[in-house]
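Participant: Just so it is clear, I am handing over start_16.txt, which has compact mmCIF, C-alpha atoms.
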# COMPACT_ATOMS: atom_id res chain seq x y z
CA MET W 1 118.29 166.47 267.22
CA SER W 2 117.59 166.16 263.50
CA ASN W 3 117.44 162.95 261.46
CA ALA W 4 120.79 163.85 259.85
CA GLU W 5 122.49 164.40 263.21
CA LEU W 6 121.10 161.16 264.61
CA ASN W 7 122.28 159.25 261.53
CA GLU W 8 125.81 160.48 262.08
CA LEU W 9 125.68 159.23 265.67
CA LYS W 10 124.31 155.88 264.46
CA LYS W 11 127.16 155.41 262.02
CA LYS W 12 129.71 156.14 264.73
CA TYR W 13 128.27 154.30 267.72
CA VAL W 14 125.67 151.66 266.76
CA ALA W 15 126.86 148.17 265.77
CA ALA W 16 126.26 147.49 262.09
CA GLY W 17 124.35 144.31 262.83
CA ALA W 18 121.93 146.20 265.08
CA ALA W 19 121.63 149.44 263.11
CA SER W 20 118.39 150.19 261.28
CA PRO W 21 118.69 150.98 257.56
CA ALA W 22 115.97 153.62 258.05
CA THR W 23 117.16 157.22 258.18
CA ALA W 24 114.10 158.79 259.87
CA TYR W 25 113.97 158.68 263.66
CA ALA W 26 110.70 158.39 265.59
CA ASP W 27 110.07 161.40 267.81
CA ARG W 28 106.42 160.93 268.83
CA ALA W 29 103.53 158.67 267.89
CA GLU W 30 99.80 158.28 268.37
CA ASN W 31 97.65 155.29 267.38
CA ALA W 32 98.71 154.58 263.76
CA GLU W 33 100.79 157.70 263.09
CA ILE W 34 104.44 158.55 263.77
CA TRP W 35 106.30 161.86 263.46
CA ASP W 36 110.06 161.83 262.96
CA ALA W 37 112.78 164.07 264.37
CA ASP W 38 112.32 166.51 261.47
CA GLY W 39 108.55 166.70 261.95
CA ASN W 40 107.63 164.47 259.00
CA ARG W 41 104.50 162.34 259.48
CA PHE W 42 104.24 158.62 258.67
CA VAL W 43 101.30 156.24 258.55
CA ASP W 44 102.35 153.11 260.42
CA PHE W 45 101.43 149.79 258.78
CA ALA W 46 104.17 147.93 260.72
CA GLY W 47 103.12 148.47 264.32
CA GLY W 48 106.63 147.84 265.61
CA ILE W 49 106.40 144.41 263.90
CA GLY W 50 103.02 143.52 265.35
CA VAL W 51 103.53 145.03 268.81
CA LEU W 52 100.94 147.78 268.70
CA ASN W 53 97.59 146.09 268.06
CA VAL W 54 95.88 148.67 270.31
CA GLY W 55 97.90 151.52 268.83
CA HIS W 56 100.84 153.70 269.77
CA ARG W 57 100.49 155.04 273.30
CA HIS W 58 96.96 153.92 274.05
CA PRO W 59 95.79 156.34 276.76
CA LYS W 60 94.75 153.59 279.16
CA VAL W 61 98.14 151.88 278.87
CA VAL W 62 100.07 155.13 279.26
CA ALA W 63 98.07 155.98 282.38
CA ALA W 64 98.68 152.53 283.89
CA VAL W 65 102.45 152.75 283.33
CA LYS W 66 102.62 156.27 284.76
CA ALA W 67 100.71 155.17 287.85
CA GLN W 68 103.04 152.21 288.35
CA LEU W 69 106.10 154.48 288.08
CA ASP W 70 104.86 156.31 291.17
CA ARG W 71 104.84 153.07 293.17
CA VAL W 72 107.46 150.44 292.23
CA MET W 73 109.71 150.20 289.17
CA HIS W 74 111.75 147.11 290.07
CA THR W 75 112.39 144.59 292.80
CA CYS W 76 112.99 141.40 290.75
CA GLN W 77 109.95 139.30 291.42
CA THR W 78 112.02 136.37 292.70
CA VAL W 79 113.48 138.66 295.40
CA MET W 80 110.24 140.41 296.38
CA PRO W 81 107.11 139.68 294.33
CA TYR W 82 104.40 142.22 293.57
CA GLU W 83 100.72 142.24 292.68
CA GLY W 84 101.08 142.92 288.96
CA TYR W 85 102.92 139.68 288.22
CA VAL W 86 100.35 137.42 289.86
CA ARG W 87 97.44 139.38 288.39
CA VAL W 88 98.86 139.00 284.87
CA ALA W 89 99.38 135.30 285.53
CA GLU W 90 95.81 134.96 286.78
CA LYS W 91 94.37 136.75 283.76
CA LEU W 92 96.41 134.79 281.23
CA SER W 93 95.49 131.49 282.88
CA GLN W 94 91.85 132.42 282.32
CA ILE W 95 92.07 133.41 278.65
CA VAL W 96 94.81 131.24 277.13
CA PRO W 97 93.37 128.01 275.63
CA VAL W 98 95.85 125.40 276.89
CA ARG W 99 94.78 122.06 278.31
CA GLY W 100 93.56 121.87 281.87
CA HIS W 101 94.46 124.36 284.56
CA ALA W 102 97.03 126.86 283.30
CA LYS W 103 100.04 128.31 285.07
CA VAL W 104 102.23 131.14 283.84
CA MET W 105 105.79 132.40 283.81
CA LEU W 106 106.66 135.86 282.51
CA ALA W 107 109.74 136.88 280.54
CA ASN W 108 110.94 139.86 278.51
CA SER W 109 110.80 138.89 274.82
CA GLY W 110 109.37 136.35 272.43
CA ALA W 111 112.70 134.57 272.09
CA GLU W 112 113.04 134.35 275.85
CA ALA W 113 109.56 132.86 276.10
CA LEU W 114 110.46 130.21 273.51
CA GLU W 115 113.72 129.38 275.30
CA ASN W 116 111.79 128.84 278.53
CA ALA W 117 109.08 126.82 276.81
CA ILE W 118 111.77 124.41 275.60
CA LYS W 119 113.28 124.20 279.09
CA ILE W 120 109.82 123.40 280.49
CA ALA W 121 109.13 120.78 277.82
CA ARG W 122 112.45 119.06 278.49
CA ALA W 123 111.82 119.03 282.23
CA ALA W 124 108.27 117.75 281.80
CA THR W 125 109.13 114.93 279.38
CA GLY W 126 112.72 114.02 280.26
CA ARG W 127 113.50 114.28 276.54
CA SER W 128 115.76 116.63 274.57
CA ASN W 129 114.79 116.92 270.91
CA ILE W 130 112.55 119.56 269.33
CA ILE W 131 110.81 119.60 265.95
CA CYS W 132 110.08 122.93 264.24
CA PHE W 133 108.92 123.85 260.75
CA ASP W 134 110.22 125.37 257.53
CA GLY W 135 109.62 129.11 257.42
CA GLY W 136 109.09 129.40 261.16
CA TYR W 137 110.58 132.21 263.20
CA HIS W 138 111.14 131.97 266.95
CA GLY W 139 113.86 134.48 267.88
CA ARG W 140 117.51 135.51 267.85
CA THR W 141 118.93 133.76 270.91
CA PHE W 142 121.11 130.78 270.11
CA TYR W 143 118.53 128.04 270.59
CA THR W 144 115.76 129.98 268.89
CA MET W 145 118.09 130.77 265.97
CA ALA W 146 118.49 127.02 265.54
CA MET W 147 114.70 126.69 265.63
CA ASN W 148 114.14 129.27 262.87
CA GLY W 149 113.20 127.82 259.51
CA LYS W 150 115.28 130.33 257.58
CA VAL W 151 119.06 130.78 257.69
CA ALA W 152 119.67 134.36 256.50
CA PRO W 153 119.98 136.77 258.19
CA TYR W 154 119.46 135.10 261.55
CA GLN W 155 122.15 132.39 261.57
CA THR W 156 124.51 133.44 258.80
CA ASP W 157 127.46 134.89 260.73
CA PHE W 158 127.26 133.01 264.01
CA GLY W 159 128.82 129.62 263.50
CA PRO W 160 127.40 126.23 264.42
CA MET W 161 123.89 126.20 265.83
CA PRO W 162 122.81 124.10 268.84
CA GLY W 163 121.83 120.53 268.08
CA THR W 164 118.65 118.62 269.01
CA VAL W 165 116.53 120.79 266.68
CA PHE W 166 114.94 119.07 263.69
CA ARG W 167 112.64 120.38 261.00
CA ALA W 168 109.55 119.42 259.05
CA PRO W 169 107.70 121.08 256.13
CA TYR W 170 104.98 123.63 256.88
CA PRO W 171 101.86 123.16 254.75
CA VAL W 172 101.54 126.01 252.22
CA ASP W 173 99.58 124.88 249.17
CA TYR W 174 100.52 128.09 247.35
CA HIS W 175 104.17 127.01 247.42
CA GLY W 176 103.44 123.38 246.56
CA VAL W 177 103.54 121.90 250.06
CA SER W 178 100.33 120.05 250.78
CA GLU W 179 99.12 119.06 254.21
CA ASP W 180 99.82 115.41 253.38
CA GLU W 181 103.38 116.26 252.35
CA ALA W 182 103.92 118.24 255.54
CA LEU W 183 102.66 115.36 257.66
CA ARG W 184 104.83 112.91 255.77
CA GLY W 185 107.83 115.12 256.47
CA LEU W 186 106.93 115.33 260.14
CA HIS W 187 106.63 111.55 260.44
CA MET W 188 109.97 111.14 258.68
CA ALA W 189 111.64 113.64 261.02
CA LEU W 190 110.31 111.66 263.97
CA LYS W 191 111.46 108.38 262.46
CA THR W 192 114.85 109.25 260.97
CA ASP W 193 116.15 112.25 262.94
CA ALA W 194 114.47 113.32 266.17
CA GLY W 195 113.23 109.92 267.34
CA ILE W 196 109.76 109.56 268.82
CA ASN W 197 111.02 108.62 272.27
CA ASN W 198 113.58 111.43 272.31
CA THR W 199 111.30 114.25 271.17
CA ALA W 200 110.15 116.62 273.89
CA ALA W 201 108.02 118.98 271.80
CA ILE W 202 106.69 119.96 268.40
CA VAL W 203 106.77 123.75 268.08
CA LEU W 204 104.88 125.73 265.46
CA GLU W 205 103.18 129.01 264.70
CA PRO W 206 99.46 128.61 263.91
CA VAL W 207 100.03 131.38 261.35
CA LEU W 208 103.56 131.80 260.04
CA GLY W 209 104.79 135.28 260.91
CA GLU W 210 108.14 136.10 259.32
CA GLY W 211 107.53 133.06 257.11
CA GLY W 212 104.77 134.79 255.16
CA PHE W 213 101.44 134.95 257.05
CA TYR W 214 100.24 131.49 256.01
CA PRO W 215 97.73 129.90 258.43
CA ALA W 216 98.08 126.22 259.23
CA PRO W 217 94.97 124.23 258.24
CA LYS W 218 92.70 123.26 261.14
CA SER W 219 93.05 119.60 260.22
CA PHE W 220 96.86 119.88 260.30
CA LEU W 221 96.80 121.30 263.81
CA GLU W 222 94.38 118.57 264.90
CA LYS W 223 96.68 115.88 263.50
CA ILE W 224 99.73 117.34 265.27
CA ARG W 225 97.72 117.32 268.49
CA ALA W 226 96.92 113.64 267.91
CA ILE W 227 100.58 112.76 267.15
CA CYS W 228 101.68 114.49 270.34
CA ASP W 229 99.06 112.67 272.39
CA GLU W 230 99.99 109.31 270.93
CA HIS W 231 103.70 109.67 271.66
CA GLY W 232 103.86 111.74 274.84
CA ILE W 233 105.21 114.81 273.00
CA LEU W 234 104.22 118.32 274.07
CA MET W 235 102.56 120.62 271.57
CA ILE W 236 103.94 124.18 271.83
CA ILE W 237 102.15 126.95 269.94
CA ASP W 238 104.08 130.14 269.27
CA GLU W 239 101.67 133.10 269.28
CA VAL W 240 104.29 135.83 269.60
CA GLN W 241 103.16 137.58 266.40
CA SER W 242 99.68 136.14 265.91
CA GLY W 243 98.43 136.59 269.48
CA PHE W 244 96.51 139.35 271.23
CA GLY W 245 93.82 139.96 268.67
CA ARG W 246 95.76 140.03 265.42
CA THR W 247 93.65 137.31 263.81
CA GLY W 248 90.23 138.30 265.13
CA LYS W 249 90.54 135.93 268.09
CA MET W 250 92.63 136.64 271.14
CA PHE W 251 94.91 133.82 269.92
CA ALA W 252 95.10 132.33 266.44
CA ILE W 253 94.94 128.75 267.73
CA GLU W 254 91.35 129.44 268.83
CA HIS W 255 90.24 129.31 265.19
CA SER W 256 91.06 125.58 265.22
CA GLY W 257 89.68 124.58 268.62
CA VAL W 258 92.96 122.73 269.34
CA GLU W 259 94.33 123.03 272.87
CA PRO W 260 98.14 122.95 273.08
CA ASP W 261 100.18 122.03 276.14
CA LEU W 262 102.21 125.24 276.13
CA MET W 263 101.84 128.62 274.42
CA THR W 264 104.23 131.52 274.06
CA MET W 265 103.22 135.15 273.56
CA ALA W 266 104.77 138.63 273.55
CA LYS W 267 104.62 141.62 271.12
CA SER W 268 101.11 143.17 271.49
CA MET W 269 100.73 141.78 274.98
CA ALA W 270 101.67 145.15 276.54
CA ASP W 271 101.44 147.74 273.74
CA GLY W 272 105.18 148.28 273.44
CA MET W 273 106.37 147.52 276.96
CA PRO W 274 108.79 144.53 277.01
CA ILE W 275 107.04 141.45 278.34
CA SER W 276 106.35 137.89 277.21
CA ALA W 277 104.83 134.78 278.71
CA VAL W 278 104.81 131.01 278.67
CA VAL W 279 101.39 129.64 279.58
CA GLY W 280 100.90 125.93 279.99
CA THR W 281 99.18 123.05 281.70
CA ASP W 282 100.05 123.17 285.39
CA LYS W 283 101.77 119.78 285.62
CA HIS W 284 104.13 120.77 282.81
CA MET W 285 104.77 124.27 284.09
CA ASP W 286 105.62 122.88 287.54
CA ALA W 287 107.99 120.20 286.22
CA SER W 288 111.26 122.06 286.86
CA GLY W 289 112.76 122.89 290.23
CA ALA W 290 112.55 126.00 292.37
CA ASN W 291 114.11 129.14 290.83
CA SER W 292 114.72 127.30 287.54
CA LEU W 293 112.67 129.82 285.55
CA GLY W 294 112.91 133.59 285.55
CA GLY W 295 115.37 136.44 285.27
CA THR W 296 116.22 139.83 286.69
CA TYR W 297 113.66 141.85 284.73
CA THR W 298 111.08 139.18 283.86
CA GLY W 299 107.54 140.42 284.33
CA SER W 300 108.64 143.89 285.47
CA PRO W 301 106.08 145.97 287.40
CA THR W 302 105.71 148.55 284.61
CA ALA W 303 105.30 145.91 281.90
CA CYS W 304 102.75 144.04 284.00
CA ALA W 305 100.78 147.26 284.49
CA ALA W 306 100.76 147.77 280.72
CA ALA W 307 99.68 144.17 280.04
CA LEU W 308 96.77 144.41 282.47
CA ALA W 309 95.68 147.67 280.85
CA VAL W 310 95.85 146.09 277.38
CA MET W 311 93.58 143.26 278.48
CA GLU W 312 91.10 145.81 279.81
CA VAL W 313 91.20 147.64 276.48
CA PHE W 314 90.30 144.39 274.71
CA GLU W 315 87.27 143.97 276.94
CA GLU W 316 86.10 147.59 276.76
CA GLU W 317 86.75 148.50 273.11
CA ASN W 318 85.72 145.40 271.14
CA ILE W 319 89.22 144.93 269.74
CA LEU W 320 88.50 141.43 268.40
CA GLU W 321 85.51 142.68 266.42
CA LYS W 322 87.61 145.57 265.11
CA SER W 323 90.28 143.09 264.02
CA GLN W 324 87.76 141.10 262.00
CA ALA W 325 86.37 144.27 260.43
CA LEU W 326 89.86 145.51 259.55
CA GLY W 327 90.67 142.16 257.96
CA ASN W 328 87.55 142.39 255.81
CA LYS W 329 88.55 145.86 254.60
CA LEU W 330 92.05 144.67 253.73
CA ALA W 331 90.72 141.59 251.91
CA GLU W 332 88.43 143.77 249.80
CA ARG W 333 91.29 146.07 248.84
CA PHE W 334 93.61 143.14 248.06
CA GLY W 335 90.98 141.71 245.72
CA GLY W 336 90.88 144.98 243.80
CA TRP W 337 94.66 145.04 243.49
CA GLU W 338 94.75 141.45 242.24
CA ASN W 339 92.38 142.46 239.46
CA LYS W 340 94.31 145.63 238.65
CA PHE W 341 97.95 144.53 238.98
CA ALA W 342 99.32 141.33 237.46
CA CYS W 343 102.10 141.32 240.07
CA VAL W 344 99.72 141.09 243.06
CA ASP W 345 98.65 137.56 243.95
CA ASN W 346 97.32 135.39 246.76
CA GLY W 347 95.81 138.05 248.98
CA ARG W 348 94.89 136.44 252.29
CA ASN W 349 93.97 137.25 255.84
CA MET W 350 92.98 135.75 259.13
CA GLY W 351 91.34 138.68 260.82
CA ALA W 352 93.77 141.58 260.52
CA MET W 353 96.79 139.32 259.97
CA ALA W 354 96.87 140.03 256.26
CA ALA W 355 99.30 139.80 253.35
CA PHE W 356 99.68 139.39 249.59
CA GLU W 357 102.42 138.13 247.25
CA LEU W 358 104.34 140.05 244.63
CA ILE W 359 105.17 137.88 241.63
CA LYS W 360 106.89 138.10 238.25
CA ASP W 361 105.27 137.38 234.90
CA ASP W 362 106.17 133.70 235.27
CA HIS W 363 104.50 133.62 238.71
CA THR W 364 107.80 133.25 240.57
CA PRO W 365 108.34 135.34 243.73
CA ASP W 366 109.49 138.92 243.15
CA ALA W 367 111.52 139.92 246.21
CA GLU W 368 113.08 142.84 244.35
CA LEU W 369 109.69 144.42 243.70
CA ALA W 370 108.71 143.88 247.34
CA ALA W 371 111.81 145.76 248.49
CA LYS W 372 111.13 148.56 246.01
CA LEU W 373 107.50 148.82 247.13
CA CYS W 374 108.48 149.15 250.80
CA GLY W 375 111.12 151.74 249.91
CA LYS W 376 108.78 153.77 247.71
CA ALA W 377 106.06 153.65 250.38
CA ARG W 378 108.50 155.03 252.96
CA GLU W 379 109.30 157.92 250.61
CA LYS W 380 105.57 158.69 250.48
CA GLY W 381 105.12 158.55 254.25
CA LEU W 382 104.02 154.94 254.82
CA ILE W 383 105.89 152.39 256.92
CA LEU W 384 105.40 149.01 255.23
CA LEU W 385 107.09 145.64 255.75
CA SER W 386 107.86 142.62 253.61
CA CYS W 387 108.47 139.08 254.84
CA GLY W 388 108.30 135.47 253.68
CA LEU W 389 110.64 132.64 252.87
CA TYR W 390 111.14 134.19 249.42
CA GLY W 391 111.07 137.83 250.54
CA ASN W 392 108.12 138.70 248.29
CA THR W 393 105.27 138.92 250.80
CA ILE W 394 103.86 142.30 251.80
CA ARG W 395 102.41 142.07 255.30
CA PHE W 396 100.07 144.42 257.12
CA LEU W 397 100.46 144.97 260.88
CA MET W 398 98.87 148.36 261.40
CA PRO W 399 97.17 148.90 264.76
CA VAL W 400 93.76 147.30 264.90
CA THR W 401 92.55 150.63 266.28
CA ILE W 402 93.57 152.57 263.15
CA GLU W 403 91.08 155.22 262.05
CA ASP W 404 89.39 154.58 258.70
CA SER W 405 90.77 157.81 257.24
CA VAL W 406 94.35 156.86 258.15
CA LEU W 407 93.84 153.30 256.91
CA ASN W 408 92.55 154.48 253.55
CA GLU W 409 95.38 157.00 253.27
CA GLY W 410 97.93 154.22 253.74
CA LEU W 411 96.20 151.84 251.35
CA ASP W 412 96.03 154.59 248.73
CA ILE W 413 99.80 155.03 249.08
CA VAL W 414 100.32 151.29 248.48
CA GLU W 415 98.19 151.50 245.33
CA ALA W 416 100.01 154.60 244.12
CA CYS W 417 103.35 152.86 244.61
CA LEU W 418 102.16 149.81 242.67
CA ASP W 419 101.03 152.12 239.87
CA GLU W 420 104.48 153.72 239.71
CA LEU W 421 106.49 150.51 239.96
CA THR W 422 104.56 148.27 237.55
I'd like the structure from this file rewritten - as structure tokens, please.
Facilitator:
Amino acid sequence: MSNAELNELKKKYVAAGAASPATAYADRAENAEIWDADGNRFVDFAGGIGVLNVGHRHPKVVAAVKAQLDRVMHTCQTVMPYEGYVRVAEKLSQIVPVRGHAKVMLANSGAEALENAIKIARAATGRSNIICFDGGYHGRTFYTMAMNGKVAPYQTDFGPMPGTVFRAPYPVDYHGVSEDEALRGLHMALKTDAGINNTAAIVLEPVLGEGGFYPAPKSFLEKIRAICDEHGILMIIDEVQSGFGRTGKMFAIEHSGVEPDLMTMAKSMADGMPISAVVGTDKHMDASGANSLGGTYTGSPTACAAALAVMEVFEEENILEKSQALGNKLAERFGGWENKFACVDNGRNMGAMAAFELIKDDHTPDAELAAKLCGKAREKGLILLSCGLYGNTIRFLMPVTIEDSVLNEGLDIVEACLDELT
């Protein structure tokens, strides 16, 4: 079917809240390129929102999924377990930097992983309250909506949010929030709202994802670890967007050397197959009763096969080194744009988790220009995403495996769009 025909079906049958504003429909893809239903080609700088760090349809992952389809597609692992689930758990326990011996539960999405991490923290501590941070994003289920540090569009139409979620500032010097101010806000949240003895966990992204790609300072993460240790609070690190090689380490928290109690991950874990995980210290992971964690499709055989293949790709193809090299290339290009365009500011990256700001003449955020840039890029065959608390951040989530020629083609489109719009 053509794009036009598919759009007519979308208007008639897809709920408005779930419908994409895009009018081109993906038909096939390879590494960092997508072709739509009309045969038009796009360079992909979005990666399914950070899901495709090893590229669309990596051959090793495709082969692993096809092989699994010939054996078992589903049993529900709580009814009859299978090798893939325990092998993924074994591998994650070996590579995820939580304290002590790690155990694992698998789920289907990042939000589901966060929901289960909170359940585990409550069971392990006997406490109920959670502290999150401004600008954070954790999902679209009811509890994770309450955890998000941004109201629109995630909470706007859905009535009262669950209680027991409290918030503190996230340190972003660029927006006037120092580390000291963020820590002061955290201490005040513990004192005046959450209560030290009622707080089960402090949850944060080591690099804000939807919030604008701002990394937390190493010292800030160390101080949160110390606060948690002092008061018997669990430290939960959300690596759904930053994990699996995006930042040049397998997980962003590794840049700090801090070991959390629990970590959540999803997105690039299985190169597009739906899977997520909670990984944590064994005594915490074992705190809840039998059959208290799980779900019908959690850790499905096909998704586990994909995840195992992805981890092999990391070992065989130097993905972490490629992520660092890609980040360096992006940083160099951002620097050139900052010199050329007055509207481009604050280029930054941790590995290939890279972004810059678009600003007005008075240095205030320019969300309108960000939207126009993404729209103009799409017209020229580049899929580009904005994000950030102010909607003015342009983020880059192309596959780490992108070929240099395709990367440069996409970056040239960004520059051409900036030339036209400014």
Participant: Please identify all polymer residues within 12 Å of Leu411 (chain W), counting only C-alpha atoms, omitting same-chain residues fewer than 2 positions from it, and present them as a ChimeraX atom specification.
Facilitator: /W:43-45,329-334,336-337,377,380-384,396,398,404-409,413-418
Participant: Hey, what's within 7 Å of region 166-172 of chain W if we count only C-alpha atoms and toss same-chain stuff fewer than 3 positions away? As number ranges by chain, please?
Facilitator: W: 130-134, 175-179, 182, 185-186, 189, 193-194, 214, 216
Participant: Quick one: residues within 12 Å of (113.6, 143.0, 293.9) (file frame), counting only C-alpha atoms, please, as a ChimeraX atom specification.
Facilitator: /W:72-82,295-301
Participant: Have a look at CA of Asp419 (chain W) and CA of Glu403 (chain W) and let me know their distance in Å, one decimal.
Facilitator: 24.5 Å
Participant: Please, which residues in region 273-315 of chain W fall within 10 Å of region 50-58 of chain W when counting all atoms listed in the file, and what is the closest atom pair and distance in Å to one decimal for each, ordered by chain then residue number, as JSON lines?
Facilitator:
{"residue": "W:Met273", "atom": "CA", "partner": "W:Val51", "partner_atom": "CA", "distance": 9.0}
{"residue": "W:Pro274", "atom": "CA", "partner": "W:Val51", "partner_atom": "CA", "distance": 9.8}
{"residue": "W:Ala306", "atom": "CA", "partner": "W:His58", "partner_atom": "CA", "distance": 9.8}
{"residue": "W:Ala309", "atom": "CA", "partner": "W:His58", "partner_atom": "CA", "distance": 9.3}
{"residue": "W:Val310", "atom": "CA", "partner": "W:Val54", "partner_atom": "CA", "distance": 7.5}
{"residue": "W:Val313", "atom": "CA", "partner": "W:Val54", "partner_atom": "CA", "distance": 7.8}
{"residue": "W:Phe314", "atom": "CA", "partner": "W:Val54", "partner_atom": "CA", "distance": 8.3}
Participant: For CA of Ala200 (chain W) and CA of Met105 (chain W), determine how far apart the two atoms are, in Å to one decimal place.
Facilitator: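 CA of Met105 (chain W) lies 19.1 Å from CA of Ala200 (chain W).
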Participant: In Å, rounded to a single decimal, give me how far CA of Met147 (chain W) is from CA of Pro160 (chain W).
Facilitator: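 Answer for the CA of Pro160 (chain W) to CA of Met147 (chain W) separation: 12.8 Å.
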Participant: Which residues, written as a PyMOL selection string, have at least one atom at most 12 Å from Val203 (chain W), with all atoms listed in the file counted and residues fewer than 5 positions away on the same chain left out?
Facilitator: chain W and resi 114-115+117-118+121+129-134+136-138+144+147-149+165-168+170+186+208+221+224-225+228+233-239+260-264
Participant: Looking at all atoms listed in the file, which of W:Pro59, W:Gly243, W:Gly39, W:Gly257 is the one that sits closest to Ser2 (chain W)?
Facilitator: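 Nearest to Ser2 (chain W): W:Gly39.
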Participant: Which region 262-380 of chain W residues have any atom within 7 Å of an atom of region 244-252 of chain W, and for each, what is the nearest pair of atoms with distance in Å to one decimal, counting all atoms listed in the file, rows sorted by chain and number, as CSV?
Facilitator:
residue,atom,partner,partner_atom,distance
W:Ser268,CA,W:Phe244,CA,6.0
W:Met269,CA,W:Phe244,CA,6.1
W:Ile319,CA,W:Gly245,CA,6.9
W:Leu320,CA,W:Gly248,CA,4.8
W:Glu321,CA,W:Gly248,CA,6.6
W:Ser323,CA,W:Gly248,CA,4.9
W:Gln324,CA,W:Gly248,CA,4.9
W:Met350,CA,W:Thr247,CA,5.0
W:Gly351,CA,W:Thr247,CA,4.0
W:Ala352,CA,W:Thr247,CA,5.4
W:Met353,CA,W:Thr247,CA,5.4
